[in-house]
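Peer 1: Structure: run_38.txt, compact mmCIF, C-alpha atoms.
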# COMPACT_ATOMS: atom_id res chain seq x y z
CA MET A 29 210.38 -205.06 -49.85
CA THR A 30 212.56 -205.79 -52.85
CA PHE A 31 216.30 -205.55 -52.91
CA ILE A 32 218.09 -204.82 -56.15
CA ALA A 33 221.56 -206.23 -56.42
CA LYS A 34 224.11 -203.84 -57.86
CA LEU A 35 226.15 -205.45 -60.58
CA SER A 36 229.84 -204.70 -60.98
CA PRO A 37 230.68 -202.66 -64.06
CA ARG A 38 231.53 -204.74 -67.12
CA ASP A 39 235.30 -205.24 -67.50
CA LYS A 40 235.51 -203.97 -71.10
CA GLN A 41 239.26 -203.59 -71.49
CA ARG A 42 240.57 -206.64 -69.62
CA SER A 43 241.88 -208.52 -72.66
CA ARG A 44 243.46 -205.37 -74.15
CA LEU A 45 245.18 -204.57 -70.84
CA TYR A 46 246.51 -208.14 -70.46
CA LYS A 47 247.80 -208.06 -74.04
CA ALA A 48 249.54 -204.73 -73.40
CA GLU A 49 251.14 -206.01 -70.19
CA LYS A 50 252.57 -209.04 -71.99
CA GLU A 51 254.22 -206.68 -74.51
CA THR A 52 256.20 -204.89 -71.79
CA LYS A 53 259.76 -205.79 -70.88
CA ALA A 54 258.96 -205.84 -67.16
CA PHE A 55 256.16 -208.45 -67.40
CA LEU A 56 258.01 -211.51 -66.03
CA ARG A 57 261.32 -209.79 -65.25
CA ASP A 58 262.44 -209.37 -61.63
CA PRO A 59 261.23 -212.66 -60.17
CA LEU A 60 260.26 -213.02 -56.52
CA PRO A 61 260.12 -216.82 -56.24
CA SER A 62 259.10 -217.25 -52.60
CA ILE A 63 256.00 -216.10 -50.75
CA VAL A 64 258.28 -214.52 -48.13
CA GLU A 65 259.94 -212.36 -50.83
CA LEU A 66 256.54 -211.44 -52.32
CA GLN A 67 255.16 -210.51 -48.89
CA GLY A 68 258.24 -208.37 -48.20
CA TYR A 69 257.78 -206.55 -51.50
CA VAL A 70 254.07 -205.94 -50.83
CA ASN A 71 254.88 -204.67 -47.32
CA SER A 72 257.49 -202.27 -48.72
CA ILE A 73 254.92 -200.90 -51.20
CA LEU A 74 252.35 -200.34 -48.46
CA LYS A 75 254.89 -198.68 -46.14
CA SER A 76 256.27 -196.35 -48.79
CA ARG A 77 255.92 -192.62 -48.19
CA TRP A 78 255.01 -192.22 -51.88
CA LEU A 79 251.94 -194.47 -51.55
CA GLN A 80 250.82 -192.66 -48.41
CA ASP A 81 251.26 -189.25 -50.08
CA HIS A 82 249.35 -190.26 -53.22
CA PHE A 83 246.57 -192.42 -51.80
CA GLY A 84 246.26 -191.66 -48.08
CA SER A 85 246.19 -193.72 -44.93
CA ARG A 86 243.41 -196.10 -46.03
CA MET A 87 245.97 -197.81 -48.27
CA LEU A 88 248.09 -198.85 -45.29
CA ALA A 89 245.99 -201.85 -44.24
CA PRO A 90 248.01 -205.05 -44.68
CA ILE A 91 247.70 -207.23 -47.77
CA THR A 92 248.42 -210.92 -47.33
CA VAL A 93 250.21 -212.89 -50.05
CA ARG A 94 249.27 -216.52 -50.57
CA GLY A 95 250.66 -219.09 -52.96
CA GLY A 96 248.44 -220.18 -55.83
CA ARG A 97 247.21 -223.72 -56.04
CA SER A 98 248.99 -226.03 -58.41
CA LYS A 99 245.66 -227.36 -59.76
CA GLY A 100 242.62 -225.36 -60.61
CA GLN A 101 244.09 -221.89 -60.28
CA ARG A 102 246.16 -220.61 -63.14
CA ASP A 103 245.82 -216.87 -62.67
CA ALA A 104 247.12 -214.51 -60.04
CA ASP A 105 244.19 -213.04 -58.17
CA ALA A 106 243.34 -210.26 -55.73
CA HIS A 107 240.54 -210.35 -53.17
CA SER A 108 240.10 -206.85 -51.81
CA PHE A 109 237.42 -207.74 -49.28
CA MET A 110 239.94 -210.13 -47.71
CA SER A 111 242.96 -207.93 -48.51
CA GLU A 112 244.66 -210.94 -50.03
CA ILE A 113 246.49 -211.73 -53.24
CA SER A 114 247.09 -215.21 -54.56
CA MET A 115 250.24 -215.76 -56.62
CA PRO A 116 250.83 -219.05 -58.48
CA LYS A 117 254.50 -219.80 -59.19
CA TRP A 118 254.45 -218.53 -62.80
CA SER A 119 253.19 -215.10 -61.64
CA ARG A 120 255.80 -214.32 -59.01
CA SER A 121 257.40 -211.17 -60.39
CA ARG A 122 257.47 -207.55 -59.24
CA PHE A 123 255.29 -206.46 -62.16
CA ILE A 124 252.50 -208.98 -61.60
CA THR A 125 252.64 -208.30 -57.86
CA LEU A 126 252.11 -204.59 -58.63
CA HIS A 127 249.16 -205.55 -60.86
CA GLU A 128 247.49 -207.48 -58.04
CA VAL A 129 248.24 -204.82 -55.41
CA THR A 130 246.76 -202.23 -57.79
CA HIS A 131 243.46 -204.15 -57.77
CA ILE A 132 243.23 -203.80 -54.00
CA ILE A 133 244.35 -200.17 -53.98
CA THR A 134 241.82 -199.26 -56.69
CA GLU A 135 238.98 -200.89 -54.78
CA ARG A 136 240.06 -199.29 -51.51
CA TYR A 137 240.26 -195.90 -53.18
CA TYR A 138 236.99 -195.98 -55.17
CA GLY A 139 235.02 -198.56 -53.23
CA GLN A 140 234.48 -202.20 -54.06
CA ASP A 141 232.56 -202.88 -57.28
CA MET A 142 232.51 -199.19 -58.22
CA THR A 143 234.91 -199.43 -61.17
CA GLU A 144 235.74 -201.94 -63.87
CA SER A 145 238.34 -204.44 -62.65
CA HIS A 146 240.75 -203.40 -65.42
CA GLY A 147 239.15 -200.08 -66.32
CA PRO A 148 240.70 -196.64 -66.78
CA GLU A 149 241.04 -196.02 -63.03
CA PHE A 150 242.90 -199.31 -62.55
CA ALA A 151 245.11 -198.68 -65.61
CA THR A 152 246.00 -195.19 -64.35
CA PHE A 153 246.92 -196.45 -60.87
CA LEU A 154 248.93 -199.32 -62.38
CA LEU A 155 250.96 -196.88 -64.49
CA MET A 156 251.58 -194.76 -61.39
CA LEU A 157 252.78 -197.75 -59.35
CA VAL A 158 254.95 -199.11 -62.17
CA GLY A 159 256.49 -195.66 -62.65
CA HIS A 160 257.37 -195.34 -58.99
CA PHE A 161 258.31 -198.90 -58.04
CA LEU A 162 259.85 -200.17 -61.31
CA GLY A 163 260.98 -196.91 -62.90
CA ALA A 164 260.18 -194.34 -65.55
CA GLN A 165 261.38 -196.47 -68.46
CA ASP A 166 259.09 -199.39 -67.55
CA CYS A 167 256.21 -196.96 -67.10
CA HIS A 168 256.89 -195.39 -70.50
CA ASP A 169 257.12 -198.87 -72.08
CA MET A 170 253.79 -199.87 -70.55
CA ARG A 171 252.08 -196.59 -71.48
CA ASP A 172 253.18 -197.12 -75.09
CA ALA A 173 251.76 -200.67 -74.97
CA PHE A 174 248.51 -199.27 -73.56
CA ILE A 175 248.31 -196.80 -76.45
CA ARG A 176 248.98 -199.54 -79.05
CA ASN A 177 246.26 -201.72 -77.49
CA CYS A 178 243.70 -198.94 -76.88
CA VAL A 179 243.76 -199.26 -73.08
CA ALA A 180 242.01 -196.23 -71.60
CA HIS A 181 243.74 -194.40 -68.74
CA SER A 182 244.26 -190.86 -67.50
CA TYR A 183 247.93 -191.11 -66.54
CA ARG A 184 250.21 -188.13 -67.12
CA GLU A 185 253.95 -188.44 -66.61
CA GLU A 186 254.05 -185.39 -64.34
CA GLU A 187 252.01 -187.39 -61.78
CA GLN A 188 255.22 -189.11 -60.70
Now, as a test, write the supplied structure out as structure tokens.

Peer 2:
Amino acid sequence: MTFIAKLSPRDKQRSRLYKAEKETKAFLRDPLPSIVELQGYVNSILKSRWLQDHFGSRMLAPITVRGGRSKGQRDADAHSFMSEISMPKWSRSRFITLHEVTHIITERYYGQDMTESHGPEFATFLLMLVGHFLGAQDCHDMRDAFIRNCVAHSYREEEQ
């Protein structure tokens, strides 16, 4: 008997999405310097009626926030199978927290390894979360940056 490992889809628009995010005003604005503040923000996202209405009860499982290591780990990271996000000091803002939470929500919604990590589904959900939790102007700013950087998504403003 032979088992064939399923490979995750190639993450084709990762660099374009990161570039677009860095062009937005919200990128490092609204700092949340402590893990306690980050965890409180994540909990408020998960408990929001909006999230429940848009994504259903499977999104309600807790997500744990951990601090990033000072050596060896430079990037914020999400581990959906552990429902955990890791946030180094530089990354501790509302926007980057939404980015990492969106990874977990996307994988919970579609299934792990079913979509590109930064693909159109992720980009659409990120725009939705930014629009609701940071506001329409930040969402519009990010959507414009996505357009300039050719980041595929299916977001429509009436989804808010």

Peer 1: Rounded to one decimal place, report the CA of Asn71 in chain A-CA of Pro148 in chain A distance in Å.

Peer 2: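 Separating CA of Asn71 in chain A from CA of Pro148 in chain A is a distance of 25.4 Å.
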
Peer 1: Have a look at A:Lys50, A:His168, A:Arg136, A:Arg120 and name the one nearest to Phe83 in chain A; count only C-alpha atoms.

Peer 2: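 Among the listed residues, A:Arg136 lies closest to Phe83 in chain A.
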
Peer 1: In Å, with one decimal, what is the gap from CA of Arg171 in chain A to CA of Tyr183 in chain A?

Peer 2: 8.5 Å

Peer 1: Give me the range 43-68 of chain A side of the contact with range 126-134 of chain A, cut-off 12 Å, one line per residue showing its nearest atom pair and distance in Å at one decimal, counting all atoms listed in the file, sorted by chain and residue number, as CSV.

Peer 2:
residue,atom,partner,partner_atom,distance
A:Leu45,CA,A:His127,CA,10.8
A:Tyr46,CA,A:His127,CA,10.3
A:Glu49,CA,A:His127,CA,9.5
A:Ala54,CA,A:Leu126,CA,11.0
A:Phe55,CA,A:His127,CA,10.0
A:Leu56,CA,A:Leu126,CA,11.7
A:Asp58,CA,A:Leu126,CA,11.8
A:Leu60,CA,A:Leu126,CA,11.9
A:Leu66,CA,A:Leu126,CA,10.3
A:Gln67,CA,A:Val129,CA,11.1

Peer 1: Could you check which of A:Phe123, A:Gln80, A:Thr143, A:Ser85 is closest to Cys167 in chain A, using all atoms listed in the file?

Peer 2: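 Once distances to Cys167 in chain A are computed over all atoms listed in the file, the minimum belongs to A:Phe123.
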
Peer 1: Just the residues within 9 Å of Lys53 in chain A, please, counting only C-alpha atoms, with nothing from its chain fewer than 5 positions along; format it as an mmCIF file with C-alpha atoms, in the frame of the given file.

Peer 2:
data_model
loop_
_atom_site.group_PDB
_atom_site.id
_atom_site.type_symbol
_atom_site.label_atom_id
_atom_site.label_comp_id
_atom_site.auth_asym_id
_atom_site.auth_seq_id
_atom_site.Cartn_x
_atom_site.Cartn_y
_atom_site.Cartn_z
ATOM 1 C CA ASP A 166 259.090 -199.390 -67.550
ATOM 2 C CA ASP A 169 257.120 -198.870 -72.080
ATOM 3 C CA MET A 170 253.790 -199.870 -70.550
#

Peer 1: Which residue out of A:Ile113, A:Ile124, A:Leu88, A:Ile73 has the minimum interatomic distance to Arg57 in chain A when all atoms listed in the file are used?

Peer 2: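 Between A:Ile113, A:Ile124, A:Leu88, A:Ile73, the residue approaching Arg57 in chain A most closely is A:Ile124.
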
Peer 1: Hey, what's within 7 Å of Ala48 in chain A if we count only C-alpha atoms and toss same-chain stuff fewer than 4 positions away? As a ChimeraX atom specification, please?

Peer 2: /A:44,52,173-174,177

Peer 1: For Ser119 in chain A, which residue among A:Pro59, A:Gly147, A:Val179, A:Met156 is the nearest when counting all atoms listed in the file?

Peer 2: A:Pro59

Peer 1: Rounded to one decimal place, report the CA of Cys178 in chain A-CA of Gly163 in chain A distance in Å.

Peer 2: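 Rounded to one decimal, the two atoms are 22.3 Å apart.
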
Peer 1: Find the residues around Ile63 in chain A up to 7 Å (all atoms listed in the file counted), leave out those fewer than 4 positions away in its own chain, and share them as an mmCIF file with C-alpha atoms, in the coordinates of the input.

Peer 2:
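Once written, selection21.cif looks like this:
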data_model
loop_
_atom_site.group_PDB
_atom_site.id
_atom_site.type_symbol
_atom_site.label_atom_id
_atom_site.label_comp_id
_atom_site.auth_asym_id
_atom_site.auth_seq_id
_atom_site.Cartn_x
_atom_site.Cartn_y
_atom_site.Cartn_z
ATOM 1 C CA GLN A 67 255.160 -210.510 -48.890
ATOM 2 C CA VAL A 93 250.210 -212.890 -50.050
ATOM 3 C CA ARG A 94 249.270 -216.520 -50.570
ATOM 4 C CA GLY A 95 250.660 -219.090 -52.960
#

Peer 1: Please determine, counting all atoms listed in the file, which residue among A:His160, A:Ala151, A:Gly84, A:His146 has the shortest atom-to-atom distance to Ser43 in chain A.

Peer 2: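 Closest to Ser43 in chain A of all the choices is A:His146.
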
Peer 1: Let me make sure I understand: among A:Lys40, A:Arg184, A:Arg122, A:Lys47, which one has the smallest atom-to-atom distance to Thr152 in chain A if we use all atoms listed in the file?

Peer 2: A:Arg184

Peer 1: Export range 34-159 of chain A from the structure block above, keeping C-alpha atoms, as a short mmCIF file (atom, residue, chain, number, x, y, z; two decimals), in the first residue's frame.

Peer 2:
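Saved the output as out01.cif:
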data_model
loop_
_atom_site.label_atom_id
_atom_site.label_comp_id
_atom_site.auth_asym_id
_atom_site.auth_seq_id
_atom_site.Cartn_x
_atom_site.Cartn_y
_atom_site.Cartn_z
CA LYS A 34 -0.84 15.91 -0.28
CA LEU A 35 1.23 19.03 -0.73
CA SER A 36 -0.04 22.41 0.37
CA PRO A 37 -0.88 24.75 -2.50
CA ARG A 38 2.00 27.00 -3.56
CA ASP A 39 1.82 30.42 -1.87
CA LYS A 40 2.00 32.47 -5.09
CA GLN A 41 1.05 35.90 -3.81
CA ARG A 42 2.82 36.01 -0.44
CA SER A 43 5.40 38.64 -1.36
CA ARG A 44 2.81 40.83 -3.12
CA LEU A 45 0.47 40.63 -0.12
CA TYR A 46 3.28 41.51 2.34
CA LYS A 47 4.31 44.45 0.16
CA ALA A 48 0.71 45.69 0.02
CA GLU A 49 0.31 45.40 3.80
CA LYS A 50 3.44 47.48 4.39
CA GLU A 51 1.94 50.23 2.20
CA THR A 52 -1.12 50.59 4.45
CA LYS A 53 -1.38 53.17 7.20
CA ALA A 54 -2.59 50.58 9.72
CA PHE A 55 0.42 48.24 9.35
CA LEU A 56 2.28 49.07 12.59
CA ARG A 57 -0.24 51.56 14.00
CA ASP A 58 -2.24 50.68 17.13
CA PRO A 59 0.43 48.83 19.12
CA LEU A 60 -0.45 46.12 21.63
CA PRO A 61 2.90 45.79 23.42
CA SER A 62 2.11 43.04 25.94
CA ILE A 63 1.00 39.45 25.42
CA VAL A 64 -1.90 40.11 27.82
CA GLU A 65 -3.15 42.96 25.58
CA LEU A 66 -2.71 40.82 22.45
CA GLN A 67 -4.58 37.91 24.04
CA GLY A 68 -7.40 40.24 25.09
CA TYR A 69 -7.69 41.57 21.54
CA VAL A 70 -7.74 38.06 20.06
CA ASN A 71 -10.39 36.99 22.60
CA SER A 72 -12.55 39.99 21.70
CA ILE A 73 -12.31 39.08 17.99
CA LEU A 74 -13.34 35.48 18.66
CA LYS A 75 -16.24 36.52 20.93
CA SER A 76 -17.61 39.10 18.52
CA ARG A 77 -21.13 38.58 17.21
CA TRP A 78 -19.89 39.69 13.77
CA LEU A 79 -17.37 36.83 13.55
CA GLN A 80 -19.97 34.31 14.67
CA ASP A 81 -22.50 35.61 12.12
CA HIS A 82 -20.00 35.55 9.23
CA PHE A 83 -18.03 32.39 9.97
CA GLY A 84 -20.07 30.24 12.35
CA SER A 85 -19.40 28.53 15.64
CA ARG A 86 -16.27 26.65 14.53
CA MET A 87 -14.39 29.96 14.74
CA LEU A 88 -15.03 30.23 18.47
CA ALA A 89 -12.30 27.83 19.60
CA PRO A 90 -9.65 29.72 21.58
CA ILE A 91 -6.45 30.99 20.00
CA THR A 92 -3.43 31.30 22.27
CA VAL A 93 -0.98 34.19 21.85
CA ARG A 94 2.68 33.56 22.59
CA GLY A 95 5.63 35.92 22.51
CA GLY A 96 8.16 35.46 19.72
CA ARG A 97 11.67 34.43 20.52
CA SER A 98 14.30 37.12 20.52
CA LYS A 99 16.70 34.92 18.50
CA GLY A 100 15.84 32.77 15.56
CA GLN A 101 12.28 33.94 15.00
CA ARG A 102 11.80 37.21 13.21
CA ASP A 103 8.32 36.76 11.80
CA ALA A 104 4.92 36.58 13.41
CA ASP A 105 3.48 33.15 12.84
CA ALA A 106 0.21 31.23 13.13
CA HIS A 107 -0.11 27.51 13.83
CA SER A 108 -3.69 26.51 13.16
CA PHE A 109 -3.32 22.90 14.25
CA MET A 110 -2.27 24.22 17.67
CA SER A 111 -4.57 27.27 17.51
CA GLU A 112 -1.62 29.44 18.44
CA ILE A 113 -0.06 32.63 17.16
CA SER A 114 3.46 33.75 17.93
CA MET A 115 4.10 37.50 18.06
CA PRO A 116 7.66 38.89 18.31
CA LYS A 117 7.87 42.39 19.81
CA TRP A 118 8.10 44.21 16.45
CA SER A 119 4.83 42.61 15.28
CA ARG A 120 2.59 43.53 18.19
CA SER A 121 -0.05 45.68 16.51
CA ARG A 122 -3.77 45.23 15.87
CA PHE A 123 -3.19 44.87 12.12
CA ILE A 124 -0.57 42.13 12.33
CA THR A 125 -2.63 40.35 14.99
CA LEU A 126 -5.57 40.37 12.55
CA HIS A 127 -3.26 38.95 9.86
CA GLU A 128 -2.26 36.04 12.10
CA VAL A 129 -5.81 35.40 13.32
CA THR A 130 -6.94 35.39 9.67
CA HIS A 131 -4.54 32.50 8.97
CA ILE A 132 -6.24 30.39 11.62
CA ILE A 133 -9.75 31.42 10.59
CA THR A 134 -9.03 30.65 6.93
CA GLU A 135 -7.71 27.19 7.77
CA ARG A 136 -10.62 26.49 10.11
CA TYR A 137 -13.08 27.59 7.45
CA TYR A 138 -11.58 25.79 4.42
CA GLY A 139 -9.59 23.05 6.11
CA GLN A 140 -5.88 22.93 6.79
CA ASP A 141 -3.65 22.91 3.70
CA MET A 142 -6.61 23.42 1.36
CA THR A 143 -5.76 26.98 0.31
CA GLU A 144 -2.63 29.02 -0.30
CA SER A 145 -1.38 30.58 2.94
CA HIS A 146 -1.75 34.09 1.48
CA GLY A 147 -4.07 33.24 -1.39
CA PRO A 148 -7.31 34.88 -2.51
CA GLU A 149 -9.37 33.28 0.28
CA PHE A 150 -6.97 34.57 2.93
CA ALA A 151 -6.82 38.04 1.34
CA THR A 152 -10.63 38.24 1.22
CA PHE A 153 -11.00 37.22 4.87
CA LEU A 154 -8.25 39.66 5.90
CA LEU A 155 -10.06 42.54 4.17
CA MET A 156 -13.28 41.54 5.92
CA LEU A 157 -11.60 41.46 9.36
CA VAL A 158 -9.74 44.73 8.78
CA GLY A 159 -12.99 46.38 7.64
#
